[in-house]
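A quick write-up on the structure given underneath.
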Amino acid sequence: MDIIEKLIQAGRPKSKRGLAGIWLDEHKLVEAAAKVRASGCTKFEAISPFPLHGIDEAMGLPFSWIPWVTLVFGLSGCAFGTWFTWWCSAVDWPLVIGGKPMWSLPAFIPIIFECTILFSALASVGALLGICGLPQVDPPVIDPALTSHKFAIFIPEDDTSFNSAALEKIMKDHGAIEVKRAEY
Amino acid sequence: MISRSPLILNNKNYESVTKDICSLVESVPGPAYFLGMGGAQLLLGLYLFAQGMIVWYGMGMMGVNHPVGWGTDIVTFVFWIGIGHAGTLISAVLFLFRQKWRTSIARSAEAMTVFAVMTAGTFPVLHTGRPWLAYWLLPYPNQRGPLWVNFRSPLVWDVFAVSTYATVSAVFWYIGMVPDLASIRDRAVNKWRKRLYGLASLGWRGTARNWNHYEMVYMLLCGLSTPLVLSVHSIVSFDFAVSSLPGWHTTIFPPYFVAGAIFSGFAMVVTLMSIVREVVPVFKDYITLDHMEAMNKIIMTTGLMVGYAYGSEFFIAWYSGDEYEQYVFLNRAFGPMSWSYWIMISCNVFIPQLFWFRYFRRNIPWMFVISIFVNIGMWFERFVITVTSLHRDFLPSNWGLWIPTFYDFGALFGSFGLFFTLFLIYIRLMPAISIAEVKTVLTVGHDGGNHGHH
């Protein structure tokens, strides 16, 4: 076992055991997800190679709150840009350049604008990585085709009202091609 | 009923999409690739040699002198920054307008943006003559006071605009690629490929909760990139417009520069995609003639805008009654450097008119040639603006000419080597078409014009 393998083992996130169903038709998976939710499960995941229409409603996922991060950091960037150009040009070392006022707001707008965009863009991406818990080191994958053409629902054993037999039936009835015990 | 034509040809399914797009990453490139890479490397060598000599011996190696102090470096900087703009336009602006045809070309256009901005960024840094002091452009705490940069200067605005643009474009491009890198990781049979793409994909697994936030961030980045891209070329135009030189000091510059940037950038996308379609035949199903035609329509539209700006500049020069302004424009069209003006007009205004005809919009060899002409014309546009305004200003005793040297040509042609080397590396290492996004538009046009499939 080489050193990289050891590092991967050490960094691998804790996985959960549970029940996984695999689909080839994403529309049937969305229906199944609604049924799994109706059966009382809340912590289950739907895994797909691309964003699925209607899965948010089926799983009862709330509207993403990242826009608030963008707004707060955009305003912070704006405030920082305004403060920084003012502090440098009018406070820390005021220099008369071209006879213009020390506090030349119109001339500082490009800088303020770029700070606004930079802060909000980087903060949005940072929030995305934070919320999704990324980056992760080699997390367990139920089926390698889940990033290609297969779709899955994974229900962890610790989910509310986890009932292996009943859930297996729901998934089979809604077109799952395979239901198996899995780690995720 | 008028039905939409399909965006993706040959009835692909999810599995074949993944396979087709990953095939480029998973196979050994053929001789055409190595030939292209060899050519790019030769040009890159020329670039390194020319710029190395310029750094070693100084800016005197290039044609810049009094009165033309801004030469090839600045012209080529504006040229490459402009190229980058089409990538953001395709990936962000067309996304906000829900133009589904953008999905097939967005990834490579965005890559083009990142590489064009990288190439562009080298020029102003080398134009300073002392690139090892380039960090002086940034406001960092220093032991000279601290002495801060002059925030009233358009050149400092440019530093902020271009570096923000480079950062946000690169992040946007990378975040867009994460799910596709995970696809390559999950298909990998080789241990090292699995590890490296696993690292690059950040461990993405595509859960519904992650997609929920991911789509939101993607849209937010599009919304942020759109005003950003408009600001970048506006600020580049301020480098000229904020000065008091006749020919530069005009309010038309920001929209005129942005339209020109989109015009030249789309031409570069058409150039690249024409080549990619030939070298990778399976991509013809994804980047169809409809895609190329749509881009050619944008080239023609923005070409007309640029042509309108050329006319408007002349009109305003006459209407202003300012004799210096009038002289600059007459000198551009009929003076000692009028050859550059007429190259610009021919390439940017006359030649793209061919795209009025459907035949030219849908013929790959023709559009390839026209796109090259547009690229040449847009380089000359920046040349005309920069050099012809400088070489004859207010006082005839201050007039002169600009005579390029070998190093001017070396830096210009060599920069294509830098750009193409990066692009050729990218196309073999990264998913060149967005795998995840293409899967969401597979049904467009396959169900009688109604693209809902429920």
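Residue numbering restarts at 1 in every chain; chains get A, B, ... in the order shown in the structure tokens, and ligands count up from 1 in that same order.
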Contact set, chain A to chain B: 7 Å, only C-alpha atoms, as a PyMOL selection string: chain A and resi 45-51+64+85+88+93+107-108+110-111+114+117-118+121+124-125+128+132+134-139+144+147-149
Residues flagged strand (DSSP E) by DSSP in chain A, as an NGL selection string: :A and (17-23 or 45-47 or 151-156 or 178-183)
Could the residues in this selection be written to a file with N, CA and C atoms, as a PDB file, in the first residue's frame?
ATOM      1  N   ARG A  17     -24.517   3.361   5.991  1.00  0.00           N
ATOM      2  CA  ARG A  17     -25.079   2.190   5.325  1.00  0.00           C
ATOM      3  C   ARG A  17     -26.557   2.449   5.068  1.00  0.00           C
ATOM      4  N   GLY A  18     -27.055   1.851   4.015  1.00  0.00           N
ATOM      5  CA  GLY A  18     -28.460   2.071   3.719  1.00  0.00           C
ATOM      6  C   GLY A  18     -28.923   1.268   2.526  1.00  0.00           C
ATOM      7  N   LEU A  19     -30.058   1.687   1.980  1.00  0.00           N
ATOM      8  CA  LEU A  19     -30.686   0.979   0.867  1.00  0.00           C
ATOM      9  C   LEU A  19     -30.612   1.879  -0.368  1.00  0.00           C
ATOM     10  N   ALA A  20     -30.176   1.303  -1.495  1.00  0.00           N
ATOM     11  CA  ALA A  20     -30.060   2.095  -2.711  1.00  0.00           C
ATOM     12  C   ALA A  20     -30.865   1.470  -3.830  1.00  0.00           C
ATOM     13  N   GLY A  21     -31.601   2.285  -4.543  1.00  0.00           N
ATOM     14  CA  GLY A  21     -32.315   1.836  -5.737  1.00  0.00           C
ATOM     15  C   GLY A  21     -31.734   2.518  -6.957  1.00  0.00           C
ATOM     16  N   ILE A  22     -31.650   1.764  -8.046  1.00  0.00           N
ATOM     17  CA  ILE A  22     -31.057   2.311  -9.280  1.00  0.00           C
ATOM     18  C   ILE A  22     -32.137   2.386 -10.359  1.00  0.00           C
ATOM     19  N   TRP A  23     -32.157   3.492 -11.103  1.00  0.00           N
ATOM     20  CA  TRP A  23     -33.123   3.692 -12.186  1.00  0.00           C
ATOM     21  C   TRP A  23     -32.405   3.980 -13.491  1.00  0.00           C
ATOM     22  N   GLU A  45     -31.311  10.607  -0.290  1.00  0.00           N
ATOM     23  CA  GLU A  45     -30.697  11.390  -1.354  1.00  0.00           C
ATOM     24  C   GLU A  45     -31.089  10.834  -2.710  1.00  0.00           C
ATOM     25  N   ALA A  46     -31.266  11.731  -3.684  1.00  0.00           N
ATOM     26  CA  ALA A  46     -31.429  11.308  -5.074  1.00  0.00           C
ATOM     27  C   ALA A  46     -30.141  11.683  -5.798  1.00  0.00           C
ATOM     28  N   ILE A  47     -29.593  10.736  -6.541  1.00  0.00           N
ATOM     29  CA  ILE A  47     -28.299  10.964  -7.194  1.00  0.00           C
ATOM     30  C   ILE A  47     -28.504  10.894  -8.705  1.00  0.00           C
ATOM     31  N   PHE A 151     -29.567   6.605 -12.422  1.00  0.00           N
ATOM     32  CA  PHE A 151     -30.089   7.508 -11.395  1.00  0.00           C
ATOM     33  C   PHE A 151     -30.337   6.670 -10.152  1.00  0.00           C
ATOM     34  N   ALA A 152     -30.189   7.248  -8.980  1.00  0.00           N
ATOM     35  CA  ALA A 152     -30.334   6.433  -7.771  1.00  0.00           C
ATOM     36  C   ALA A 152     -31.029   7.204  -6.668  1.00  0.00           C
ATOM     37  N   ILE A 153     -31.640   6.420  -5.771  1.00  0.00           N
ATOM     38  CA  ILE A 153     -32.109   6.962  -4.499  1.00  0.00           C
ATOM     39  C   ILE A 153     -31.398   6.178  -3.419  1.00  0.00           C
ATOM     40  N   PHE A 154     -30.852   6.894  -2.454  1.00  0.00           N
ATOM     41  CA  PHE A 154     -30.180   6.228  -1.335  1.00  0.00           C
ATOM     42  C   PHE A 154     -30.879   6.643  -0.048  1.00  0.00           C
ATOM     43  N   ILE A 155     -31.307   5.630   0.741  1.00  0.00           N
ATOM     44  CA  ILE A 155     -31.975   5.925   2.005  1.00  0.00           C
ATOM     45  C   ILE A 155     -31.115   5.363   3.131  1.00  0.00           C
ATOM     46  N   PRO A 156     -30.559   6.222   3.984  1.00  0.00           N
ATOM     47  CA  PRO A 156     -29.702   5.717   5.057  1.00  0.00           C
ATOM     48  C   PRO A 156     -30.526   4.991   6.115  1.00  0.00           C
ATOM     49  N   GLU A 178     -32.914  -2.084  -9.933  1.00  0.00           N
ATOM     50  CA  GLU A 178     -32.112  -2.832  -8.985  1.00  0.00           C
ATOM     51  C   GLU A 178     -32.239  -2.143  -7.629  1.00  0.00           C
ATOM     52  N   VAL A 179     -32.394  -2.953  -6.563  1.00  0.00           N
ATOM     53  CA  VAL A 179     -32.367  -2.384  -5.218  1.00  0.00           C
ATOM     54  C   VAL A 179     -31.347  -3.178  -4.420  1.00  0.00           C
ATOM     55  N   LYS A 180     -30.446  -2.483  -3.743  1.00  0.00           N
ATOM     56  CA  LYS A 180     -29.390  -3.209  -3.042  1.00  0.00           C
ATOM     57  C   LYS A 180     -28.971  -2.475  -1.768  1.00  0.00           C
ATOM     58  N   ARG A 181     -28.307  -3.218  -0.875  1.00  0.00           N
ATOM     59  CA  ARG A 181     -27.694  -2.595   0.302  1.00  0.00           C
ATOM     60  C   ARG A 181     -26.450  -1.856  -0.194  1.00  0.00           C
ATOM     61  N   ALA A 182     -26.242  -0.659   0.317  1.00  0.00           N
ATOM     62  CA  ALA A 182     -25.074   0.084  -0.174  1.00  0.00           C
ATOM     63  C   ALA A 182     -24.514   0.975   0.918  1.00  0.00           C
ATOM     64  N   GLU A 183     -23.311   1.448   0.642  1.00  0.00           N
ATOM     65  CA  GLU A 183     -22.650   2.386   1.532  1.00  0.00           C
ATOM     66  C   GLU A 183     -22.568   3.716   0.818  1.00  0.00           C
TER      67      GLU A 183
END
Contacts of region 271-280 of chain B within 6 Å, only C-alpha atoms, excl. fewer than 3 positions in-chain, as a ChimeraX atom specification: /B:268,283-284,368,371
Could the residues in this selection be written to a file with C-alpha atoms, as a PDB file, in the first residue's frame?
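Writing done, so here's again.pdb:
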ATOM      1  CA  MET B 268     -12.442  33.026 -32.742  1.00  0.00           C
ATOM      2  CA  PHE B 283     -18.405  16.374 -32.052  1.00  0.00           C
ATOM      3  CA  LYS B 284     -20.275  17.158 -35.280  1.00  0.00           C
ATOM      4  CA  PHE B 368     -13.579  29.486 -41.349  1.00  0.00           C
ATOM      5  CA  SER B 371     -13.725  34.214 -39.227  1.00  0.00           C
TER       6      SER B 371
END
Surrounding residues of Gly247 (chain B) excluding itself and chain neighbours under 6 positions, 8 Å, only C-alpha atoms, as a PyMOL selection string: chain B and resi 325+328-329+385+389
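What separates CA of Ile316 (chain B) from CA of Pro254 (chain B) is a distance of 15.8 Å.
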Residues within 8 Å of Phe119 (chain A), only C-alpha atoms, excluding chain neighbours under 2 positions, as number ranges by chain: A: 73-74, 76-77, 115-117, 121-123
Generate the output file for the selected residues, C-alpha atoms, as a short mmCIF file (atom, residue, chain, number, x, y, z; two decimals), in the first residue's frame.
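Okay, this is what ended up in result22.cif:
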data_model
loop_
_atom_site.label_atom_id
_atom_site.label_comp_id
_atom_site.auth_asym_id
_atom_site.auth_seq_id
_atom_site.Cartn_x
_atom_site.Cartn_y
_atom_site.Cartn_z
CA PHE A 73 -20.68 39.59 0.23
CA GLY A 74 -21.57 41.80 -2.73
CA SER A 76 -19.35 43.89 1.69
CA GLY A 77 -17.23 44.10 -1.47
CA CYS A 115 -14.61 44.51 -5.73
CA THR A 116 -18.37 43.95 -5.52
CA ILE A 117 -18.30 41.33 -8.29
CA ALA A 121 -18.62 35.56 -6.98
CA LEU A 122 -15.94 34.00 -4.77
CA ALA A 123 -18.26 33.95 -1.74
#
Spatial neighbours of Gly36 (chain B), max dist 9 Å, only C-alpha atoms, sep filter under 4 positions, as a ChimeraX atom specification: /B:31-32,40-41,420-421,424
Non-local contacts of Ile112 (chain A) (8 Å; only C-alpha atoms; under 6 positions in same chain excluded) as a list of chain:residue names: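 Contacts, with the query itself left out: A:Gly77, A:Cys78, A:Ala79, A:Phe80, A:Gly81, A:Thr82.
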Residue with smallest distance to Ile66 (chain A) - pool A:Ser39, A:Ser15, A:Ser104, A:Ser120, counting only C-alpha atoms: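 Smallest separation from Ile66 (chain A) among the options: A:Ser120.
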Point-to-point distance in Å for CA of Leu126 (chain B) and CA of Phe406 (chain B):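 According to the coordinates, CA of Phe406 (chain B) and CA of Leu126 (chain B) are separated by 16.3 Å.
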Coordinates-based distance that separates CA of Phe95 (chain B) from CA of Ala58 (chain A) (Å, one decimal):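 Atom-to-atom, CA of Ala58 (chain A) and CA of Phe95 (chain B) are spaced 25.5 Å apart.
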